[in-house]
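This is upload31.tsv. It holds TSV, C-alpha atoms.
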chain	number	residue	atom	x	y	z
A	212	MET	CA	-92.31	-50.65	-13.71
A	213	ALA	CA	-93.74	-47.32	-14.84
A	214	ASN	CA	-91.94	-44.13	-13.89
A	215	SER	CA	-93.02	-40.52	-14.22
A	216	ALA	CA	-90.83	-37.59	-15.13
A	217	PRO	CA	-89.71	-35.06	-12.51
A	218	ARG	CA	-92.19	-32.28	-11.81
A	219	THR	CA	-89.89	-29.59	-13.21
A	220	ALA	CA	-89.96	-29.67	-17.01
A	221	ALA	CA	-86.65	-30.07	-18.75
A	222	GLY	CA	-85.13	-26.84	-19.97
A	223	PRO	CA	-81.90	-25.87	-21.73
A	224	SER	CA	-79.16	-26.57	-19.18
A	225	ARG	CA	-76.35	-24.00	-19.12
A	226	PHE	CA	-74.01	-25.55	-16.61
A	227	LYS	CA	-70.68	-27.00	-17.60
A	228	SER	CA	-68.92	-30.29	-17.33
A	229	MET	CA	-65.39	-30.08	-15.95
A	230	THR	CA	-64.13	-32.32	-18.75
A	231	GLY	CA	-62.88	-30.77	-21.96
A	232	PHE	CA	-60.01	-30.03	-24.33
A	233	ALA	CA	-59.31	-27.04	-26.54
A	234	GLU	CA	-56.45	-25.38	-28.33
A	235	ALA	CA	-55.83	-22.24	-30.36
A	236	ARG	CA	-53.05	-20.87	-32.55
A	237	MET	CA	-52.15	-17.28	-33.32
A	238	GLU	CA	-49.43	-15.57	-35.38
A	239	ARG	CA	-48.69	-11.88	-34.96
A	240	ASP	CA	-45.86	-9.41	-34.38
A	241	GLY	CA	-43.18	-12.00	-35.12
A	242	TRP	CA	-44.65	-14.62	-32.78
A	243	ALA	CA	-46.36	-17.96	-33.32
A	244	LEU	CA	-48.38	-19.11	-30.31
A	245	ARG	CA	-50.11	-22.39	-29.59
A	246	ALA	CA	-52.13	-22.74	-26.39
A	247	SER	CA	-53.90	-25.87	-25.22
A	248	LEU	CA	-56.13	-26.63	-22.22
A	249	ARG	CA	-57.11	-30.04	-20.90
A	250	SER	CA	-59.57	-30.14	-17.99
A	251	VAL	CA	-60.88	-32.94	-15.76
A	252	ASN	CA	-62.95	-32.93	-12.60
A	253	HIS	CA	-61.55	-31.56	-9.33
A	254	ARG	CA	-63.05	-30.07	-6.17
A	255	PHE	CA	-61.38	-26.71	-6.80
A	256	LEU	CA	-59.64	-24.88	-9.63
A	257	ASP	CA	-56.24	-26.55	-9.90
A	258	VAL	CA	-54.10	-25.12	-12.72
A	259	HIS	CA	-50.85	-26.77	-13.86
A	260	LEU	CA	-48.82	-24.59	-16.24
A	261	ARG	CA	-46.17	-25.54	-18.78
A	262	ILE	CA	-44.73	-22.46	-20.45
A	263	PRO	CA	-41.44	-21.82	-22.28
A	264	GLU	CA	-38.34	-21.16	-20.24
A	265	GLY	CA	-37.68	-17.44	-19.88
A	266	LEU	CA	-41.36	-16.49	-20.19
A	267	GLU	CA	-42.36	-17.18	-16.58
A	268	SER	CA	-43.48	-13.56	-16.22
A	269	LEU	CA	-46.46	-14.43	-18.44
A	270	GLU	CA	-47.85	-16.84	-15.85
A	271	PRO	CA	-49.92	-14.27	-13.86
A	272	GLU	CA	-51.71	-13.16	-17.03
A	273	ILE	CA	-52.54	-16.74	-17.99
A	274	ARG	CA	-53.86	-17.52	-14.50
A	275	ARG	CA	-55.95	-14.34	-14.52
A	276	VAL	CA	-57.68	-15.33	-17.75
A	277	LEU	CA	-58.38	-18.84	-16.45
A	278	ARG	CA	-59.71	-17.68	-13.06
A	279	GLU	CA	-62.16	-15.31	-14.71
A	280	ARG	CA	-63.70	-18.05	-16.86
A	281	LEU	CA	-63.19	-21.34	-15.01
A	282	HIS	CA	-64.22	-22.10	-11.42
A	283	ARG	CA	-63.47	-25.79	-10.78
A	284	GLY	CA	-61.43	-28.53	-12.38
A	285	HIS	CA	-57.88	-29.76	-12.77
A	286	VAL	CA	-56.58	-27.85	-15.81
A	287	ASP	CA	-53.36	-28.71	-17.65
A	288	VAL	CA	-52.12	-25.65	-19.54
A	289	ASN	CA	-49.55	-25.79	-22.34
A	290	LEU	CA	-48.15	-22.77	-24.12
A	291	ARG	CA	-45.69	-22.87	-27.00
A	292	VAL	CA	-44.10	-19.67	-28.25
A	293	ASP	CA	-41.94	-19.54	-31.40
A	294	ALA	CA	-40.34	-16.63	-33.16
A	295	ILE	CA	-41.25	-16.37	-36.86
A	296	GLY	CA	-39.89	-14.40	-39.80
A	297	ALA	CA	-36.28	-13.79	-40.78
A	298	SER	CA	-36.15	-10.46	-38.94
A	299	ALA	CA	-37.43	-12.15	-35.81
A	300	VAL	CA	-34.62	-14.67	-35.50
A	301	GLU	CA	-31.21	-13.94	-34.07
A	302	ILE	CA	-28.74	-16.79	-33.62
A	303	LYS	CA	-26.45	-16.59	-30.61
A	304	ARG	CA	-23.45	-17.96	-32.49
A	305	ASP	CA	-21.07	-18.03	-29.53
A	306	LEU	CA	-23.53	-20.14	-27.54
A	307	ALA	CA	-24.25	-22.40	-30.53
A	308	GLU	CA	-20.51	-22.90	-31.01
A	309	ALA	CA	-20.11	-23.87	-27.36
A	310	TYR	CA	-22.89	-26.45	-27.70
A	311	LEU	CA	-21.23	-27.87	-30.84
A	312	ARG	CA	-17.81	-28.13	-29.17
A	313	ALA	CA	-19.39	-29.95	-26.23
A	314	ALA	CA	-21.18	-32.31	-28.60
A	315	ASP	CA	-17.94	-32.92	-30.56
A	316	ASP	CA	-16.04	-33.72	-27.34
A	317	LEU	CA	-18.71	-36.25	-26.32
A	318	ARG	CA	-18.70	-37.80	-29.77
A	319	LYS	CA	-14.91	-38.32	-29.65
A	320	GLN	CA	-14.97	-39.59	-26.08
A	321	PHE	CA	-17.56	-42.26	-26.79
A	322	GLY	CA	-16.56	-43.03	-30.37
A	323	LEU	CA	-19.81	-41.83	-31.91
A	324	LYS	CA	-20.19	-41.01	-35.61
A	325	THR	CA	-23.53	-39.16	-35.45
A	326	GLU	CA	-23.46	-35.64	-36.88
A	327	PRO	CA	-25.12	-32.79	-34.92
A	328	ASP	CA	-28.76	-32.03	-35.75
A	329	LEU	CA	-28.92	-28.30	-36.56
A	330	ILE	CA	-32.67	-28.10	-35.93
A	331	ALA	CA	-32.21	-29.68	-32.51
A	332	LEU	CA	-29.29	-27.31	-31.89
A	333	MET	CA	-31.47	-24.26	-32.56
A	334	ARG	CA	-34.02	-25.51	-30.03
A	335	LEU	CA	-31.48	-25.55	-27.22
A	336	PRO	CA	-31.98	-22.83	-24.57
A	337	GLY	CA	-30.67	-19.43	-25.62
A	338	VAL	CA	-29.45	-20.34	-29.13
A	339	VAL	CA	-32.30	-18.51	-30.89
A	340	ALA	CA	-33.20	-15.10	-29.49
A	341	ALA	CA	-36.77	-13.85	-29.69
A	342	PRO	CA	-37.75	-10.62	-31.51
A	343	GLY	CA	-36.80	-7.55	-29.53
A	344	ALA	CA	-34.75	-9.59	-27.09
A	345	PRO	CA	-31.50	-7.99	-25.90
A	346	ALA	CA	-28.69	-10.07	-24.40
A	347	GLY	CA	-30.57	-10.36	-21.10
A	348	GLY	CA	-33.93	-11.38	-22.63
A	349	LEU	CA	-37.01	-9.62	-24.06
A	350	SER	CA	-37.27	-5.88	-23.91
A	351	ASP	CA	-40.10	-4.43	-21.82
A	352	GLU	CA	-41.94	-3.34	-24.98
A	353	ALA	CA	-41.61	-6.76	-26.63
A	354	LEU	CA	-42.68	-8.52	-23.44
A	355	GLU	CA	-45.76	-6.33	-23.11
A	356	LYS	CA	-46.79	-7.09	-26.69
A	357	LEU	CA	-46.28	-10.78	-26.09
A	358	ARG	CA	-48.29	-10.63	-22.83
A	359	ALA	CA	-51.24	-9.07	-24.66
A	360	LEU	CA	-51.02	-11.68	-27.41
A	361	VAL	CA	-50.89	-14.53	-24.87
A	362	ALA	CA	-53.97	-13.14	-23.09
A	363	GLU	CA	-55.85	-12.96	-26.40
A	364	CYS	CA	-54.80	-16.49	-27.35
A	365	PHE	CA	-55.95	-17.90	-24.02
A	366	GLU	CA	-59.25	-16.02	-24.16
A	367	LEU	CA	-59.89	-17.80	-27.45
A	368	THR	CA	-58.77	-21.17	-26.05
A	369	VAL	CA	-60.90	-20.88	-22.91
A	370	GLY	CA	-63.90	-19.93	-25.05
A	371	ARG	CA	-63.49	-23.11	-27.07
A	372	LEU	CA	-63.05	-25.14	-23.89
A	373	GLU	CA	-66.28	-23.69	-22.48
A	374	GLU	CA	-68.16	-24.63	-25.66
A	375	MET	CA	-67.06	-28.24	-25.24
A	376	GLN	CA	-67.85	-28.20	-21.51
A	377	LEU	CA	-71.33	-26.80	-22.13
A	378	ALA	CA	-72.03	-29.50	-24.72
A	379	GLU	CA	-70.81	-32.16	-22.29
A	380	GLY	CA	-72.89	-30.53	-19.55
A	381	LYS	CA	-76.03	-30.86	-21.65
A	382	THR	CA	-75.31	-34.54	-22.25
A	383	LEU	CA	-74.82	-35.09	-18.53
A	384	ALA	CA	-78.04	-33.20	-17.73
A	385	ASP	CA	-80.05	-35.38	-20.10
A	386	ALA	CA	-78.62	-38.53	-18.52
A	387	MET	CA	-79.28	-37.26	-15.00
A	388	ARG	CA	-82.88	-36.37	-15.81
A	389	ALA	CA	-83.43	-39.99	-16.84
A	390	HIS	CA	-82.00	-41.27	-13.54
A	391	LEU	CA	-83.98	-38.67	-11.58
A	392	ALA	CA	-87.18	-39.80	-13.30
A	393	HIS	CA	-86.55	-43.33	-12.00
A	394	VAL	CA	-85.98	-42.00	-8.48
A	395	GLU	CA	-89.21	-40.01	-8.55
A	396	GLY	CA	-91.22	-42.83	-10.11
A	397	ASN	CA	-90.08	-45.28	-7.45
A	398	ALA	CA	-90.75	-42.76	-4.68
A	399	LYS	CA	-94.33	-42.30	-5.92
A	400	GLN	CA	-94.86	-46.04	-5.86
A	401	ILE	CA	-93.62	-46.12	-2.26
A	402	VAL	CA	-96.19	-43.43	-1.37
A	403	VAL	CA	-98.97	-45.75	-2.61
A	404	LEU	CA	-97.50	-48.76	-0.80
A	405	ALA	CA	-97.08	-46.79	2.42
A	406	GLU	CA	-100.84	-46.20	2.52
A	407	LYS	CA	-101.42	-49.93	2.13
A	408	MET	CA	-99.00	-50.64	4.97
A	409	ARG	CA	-100.88	-48.55	7.54
A	410	PRO	CA	-103.03	-51.51	8.71
A	411	ALA	CA	-99.86	-53.56	9.19
A	412	PHE	CA	-98.32	-50.75	11.20
A	413	ALA	CA	-101.47	-50.53	13.33
A	414	LYS	CA	-101.39	-54.29	13.90
A	415	ARG	CA	-97.75	-54.14	14.95
A	416	LEU	CA	-98.58	-51.35	17.42
A	417	GLU	CA	-101.52	-53.33	18.80
A	418	THR	CA	-99.35	-56.40	19.29
A	419	ARG	CA	-96.71	-54.40	21.14
A	420	ILE	CA	-99.34	-52.85	23.41
A	421	ARG	CA	-100.76	-56.29	24.23
A	422	GLU	CA	-97.26	-57.43	25.16
A	423	LEU	CA	-96.90	-54.48	27.52
A	424	LEU	CA	-100.32	-55.16	29.07
A	425	GLY	CA	-99.72	-58.87	29.43
A	426	ASP	CA	-99.67	-58.86	33.23
A	427	GLY	CA	-102.48	-56.31	33.48
A	428	THR	CA	-100.27	-53.56	34.89
A	429	VAL	CA	-98.29	-51.08	32.85
A	430	ASP	CA	-96.99	-47.60	33.39
A	431	PRO	CA	-99.09	-45.22	31.26
A	432	ALA	CA	-96.00	-43.12	30.50
A	433	ARG	CA	-94.12	-46.20	29.31
A	434	LEU	CA	-97.08	-47.19	27.16
A	435	ALA	CA	-97.25	-43.76	25.58
A	436	GLN	CA	-93.49	-43.79	24.98
A	437	GLU	CA	-93.54	-47.20	23.31
A	438	ALA	CA	-96.51	-46.24	21.16
A	439	THR	CA	-94.80	-43.03	20.04
A	440	MET	CA	-91.51	-44.76	19.23
A	441	LEU	CA	-93.23	-47.49	17.24
A	442	ALA	CA	-95.31	-44.97	15.32
A	443	GLU	CA	-92.19	-42.97	14.44
A	444	ARG	CA	-90.40	-46.12	13.28
A	445	SER	CA	-93.34	-47.13	11.12
A	446	ASP	CA	-94.40	-43.87	9.47
A	447	VAL	CA	-92.43	-42.99	6.31
A	448	ALA	CA	-94.50	-39.96	5.29
A	449	GLU	CA	-91.86	-37.43	6.35
A	450	GLU	CA	-89.08	-39.23	4.52
A	451	LEU	CA	-91.16	-39.40	1.34
A	452	ALA	CA	-92.08	-35.70	1.60
A	453	ARG	CA	-88.44	-34.68	2.02
A	454	LEU	CA	-87.37	-36.98	-0.81
A	455	ALA	CA	-89.97	-35.39	-3.11
A	456	SER	CA	-88.69	-31.93	-2.16
A	457	HIS	CA	-85.08	-32.89	-2.89
A	458	ILE	CA	-86.09	-34.34	-6.27
A	459	SER	CA	-87.89	-31.10	-7.18
A	460	GLN	CA	-84.90	-28.96	-6.19
A	461	PHE	CA	-82.53	-31.23	-8.10
A	462	ALA	CA	-84.65	-30.94	-11.25
A	463	LYS	CA	-84.70	-27.13	-10.99
A	464	LEU	CA	-80.92	-27.01	-10.67
A	465	LEU	CA	-80.60	-29.21	-13.76
A	466	ASP	CA	-82.52	-26.57	-15.70
A	467	GLY	CA	-80.37	-23.75	-14.34
A	468	ALA	CA	-76.90	-22.45	-15.07
A	469	GLY	CA	-73.64	-21.66	-13.35
A	470	GLU	CA	-71.86	-23.53	-10.59
A	471	VAL	CA	-74.34	-26.18	-9.45
A	472	GLY	CA	-72.13	-29.22	-8.88
A	473	LYS	CA	-71.72	-28.80	-5.12
A	474	LYS	CA	-75.43	-28.06	-4.65
A	475	LEU	CA	-76.41	-31.17	-6.61
A	476	ASP	CA	-73.97	-33.28	-4.61
A	477	PHE	CA	-75.47	-32.01	-1.33
A	478	LEU	CA	-79.00	-32.85	-2.48
A	479	LEU	CA	-77.91	-36.36	-3.42
A	480	GLN	CA	-76.47	-36.88	0.05
A	481	GLU	CA	-79.84	-35.88	1.51
A	482	MET	CA	-81.71	-38.15	-0.90
A	483	GLN	CA	-79.44	-41.03	0.04
A	484	ARG	CA	-80.19	-40.40	3.71
A	485	GLU	CA	-83.96	-40.58	3.11
A	486	ALA	CA	-83.57	-43.79	1.10
A	487	ASN	CA	-81.57	-45.36	3.93
A	488	THR	CA	-84.27	-44.39	6.44
A	489	LEU	CA	-86.96	-45.92	4.23
A	490	LEU	CA	-85.01	-49.18	4.22
A	491	SER	CA	-84.65	-49.16	8.00
A	492	LYS	CA	-88.40	-48.75	8.55
A	493	THR	CA	-89.85	-51.34	6.20
A	494	PRO	CA	-88.56	-54.79	7.29
A	495	GLY	CA	-91.18	-57.14	8.63
A	496	VAL	CA	-94.21	-55.35	7.15
A	497	GLU	CA	-95.54	-58.17	4.98
A	498	ALA	CA	-95.51	-58.09	1.15
A	499	GLU	CA	-95.76	-54.31	0.80
A	500	GLY	CA	-92.68	-53.93	2.96
A	501	LEU	CA	-90.69	-56.15	0.63
A	502	GLN	CA	-91.80	-54.06	-2.34
A	503	VAL	CA	-90.81	-50.85	-0.57
A	504	THR	CA	-87.41	-52.35	0.22
A	505	SER	CA	-86.91	-53.27	-3.43
A	506	LEU	CA	-87.93	-49.79	-4.60
A	507	ALA	CA	-85.74	-48.07	-2.01
A	508	LEU	CA	-82.76	-50.16	-3.13
A	509	GLU	CA	-83.42	-49.09	-6.73
A	510	ILE	CA	-83.55	-45.48	-5.57
A	511	LYS	CA	-80.16	-45.88	-3.87
A	512	SER	CA	-78.73	-47.39	-7.05
A	513	GLU	CA	-80.01	-44.48	-9.17
A	514	ILE	CA	-78.64	-41.97	-6.65
A	515	GLU	CA	-75.20	-43.56	-6.90
A	516	LYS	CA	-75.32	-43.20	-10.68
A	517	LEU	CA	-76.30	-39.56	-10.26
A	518	ARG	CA	-73.44	-38.96	-7.84
A	519	GLU	CA	-70.93	-40.34	-10.34
A	520	GLN	CA	-72.20	-37.91	-12.96
A	521	VAL	CA	-72.43	-34.93	-10.60
A	522	GLN	CA	-68.75	-35.31	-9.75
A	523	ASN	CA	-68.00	-33.99	-13.25
A	524	ILE	CA	-70.25	-30.89	-13.01
A	525	GLU	CA	-68.63	-27.51	-12.37
Represent the structure of the file as structure tokens.
Amino acid sequence: MANSAPRTAAGPSRFKSMTGFAEARMERDGWALRASLRSVNHRFLDVHLRIPEGLESLEPEIRRVLRERLHRGHVDVNLRVDAIGASAVEIKRDLAEAYLRAADDLRKQFGLKTEPDLIALMRLPGVVAAPGAPAGGLSDEALEKLRALVAECFELTVGRLEEMQLAEGKTLADAMRAHLAHVEGNAKQIVVLAEKMRPAFAKRLETRIRELLGDGTVDPARLAQEATMLAERSDVAEELARLASHISQFAKLLDGAGEVGKKLDFLLQEMQREANTLLSKTPGVEAEGLQVTSLALEIKSEIEKLREQVQNIE
């Protein structure tokens, strides 16, 4: 079955998939940062943050960076912050001693022989103080430096995520163009078959009129009403014209950029509606009707494939 390509020529798509992963690392001013982003499809921007305890004040800055660059998707955000350099590390010995005493009491109570892990001890909350951190936490100056560094790290991470999403978006666009070409090719074949079905439609109308005139008396208004209803149920020209328009708009959006996912999904709903109407009008119209039914079912199948792919477009 031959199919033609959509009327709008394929161009370089610049929309993004909502699926992607990226991470970045930075070391500066006594800090080592590692940020990672993992994104999947979602109707809105849904950000889930995991940041170190005590650094919750950095959350607004992280969300600001993400909102400026991402518009839809479920995004898992992980941030790890470690102090580096001898001058950057201060051990809270009293707290470490308290942890060790508690561990020793548990070891004696349960008869354990395991020795404490010093590395694990230093990872316990509050044992290692960050650079510039007084007893109550980071100083305002240190926190401001860290906030700027976090923003820079996430700008880099989001940039890498967008690169992956754009590449995935191009792959999706290529796949959708192939499905759209099948939809358009089948629709064009239905246009040809619809012309061949006109005599069958006329015959059906004639038969219905004869039934109404069987006893020789019929209300002219009723006759006109029946003829109009049958003509509307038989003619598929409007559905095919609207379907062609939706296909053209869909192809143009594929060659565009930005947030197009919701627009594409709306067009597919409209295309599905036209395909359903085609199916409801063709039964009982001889061989051509069966061919139209088969083609319309193929169109519905291709539209479903398109809808699955559109769900992942930002």
Separating atom CA of A:Lys381 from atom CA of A:Leu465, to the nearest tenth of an Å, is a gap of 9.3 Å
Within 10 Å of stretch 264-275 of chain A using all atoms listed in the file, minus same-chain residues under 5 positions, as a list in words: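 What passes the distance filter is Val258, His259, Arg280, Val288, Leu290, Val292, Pro336, Gly337, Gly348, Leu349, Leu354, Glu355, Leu357, Arg358, Ala359, Val361, Ala362, Glu363, Cys364, Phe365 and Glu366 of chain A.
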When you count only C-alpha atoms, which of these residues is closest to A:Leu248: A:Glu374, A:Asp287, A:Asp315, A:Asp476?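 Looking at the shortest contact to A:Leu248, the residue is A:Asp287.
As for atom CA of A:Glu352 and atom CA of A:Asp240, they are spaced 11.9 Å apart.
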Quick one: pull the distance between atom CA of A:Leu478 and atom CA of A:Val394, Å, one decimal.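 Between atom CA of A:Leu478 and atom CA of A:Val394 the gap works out to 13.0 Å.
With only C-alpha atoms as the atoms that count, the minimum distance from A:Lys407 to the choices A:Ala462, A:Leu332, A:Ala378, A:Val503 is reached by A:Val503.
In this comparison, which uses all atoms listed in the file, the residue of A:Gly370, A:Gly284, A:Gly469, A:Gly322 approaching A:Asn523 most closely is A:Gly284.
Counting all atoms listed in the file, the residue from A:Trp242, A:Glu525, A:Lys303, A:Ile510 that sits nearest to A:His285 is A:Glu525.
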Shortest interatomic distance to A:Phe477 - which of A:Leu517, A:Leu311, A:Met229, A:Leu506, counting all atoms listed in the file: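 Counting all atoms listed in the file, the residue closest to A:Phe477 is A:Leu517.
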Pick the closest to A:His390 from A:Ala468, A:Ile524, A:Ile514, A:Leu260: which is it, counting only C-alpha atoms? A:Ile514
Residues within 8 Å of A:Phe232, only C-alpha atoms, excluding chain neighbours under 2 positions, as a PyMOL selection string: chain A and resi 230+234+247-250+372+375
Find the residues near stretch 480-484 of chain A: any atom within 8 Å, counting only C-alpha atoms, skip ones fewer than 4 places away on the same chain, and give them as a PDB file with C-alpha atoms, in the frame of the given file.
ATOM      1  CA  LEU A 454     -87.370 -36.980  -0.810  1.00  0.00           C
ATOM      2  CA  HIS A 457     -85.080 -32.890  -2.890  1.00  0.00           C
ATOM      3  CA  ILE A 458     -86.090 -34.340  -6.270  1.00  0.00           C
ATOM      4  CA  ASP A 476     -73.970 -33.280  -4.610  1.00  0.00           C
ATOM      5  CA  THR A 488     -84.270 -44.390   6.440  1.00  0.00           C
ATOM      6  CA  LYS A 511     -80.160 -45.880  -3.870  1.00  0.00           C
ATOM      7  CA  ILE A 514     -78.640 -41.970  -6.650  1.00  0.00           C
TER       8      ILE A 514
END
With 7 Å as the threshold, what does the neighbourhood of (-70.8, -27.3, -17.8) contain in terms of residues, counting all atoms listed in the file? Coordinates are those of the file; answer as a PyMOL selection string. chain A and resi 225-229+376-377+379-380+524-525
Please determine the residues with any atom at most 10 Å from (-25.1, -20.9, -32.7) (coordinates as given in the file, with all atoms listed in the file counting) and report them as a PyMOL selection string. chain A and resi 301-311+329+332-333+335+337-339
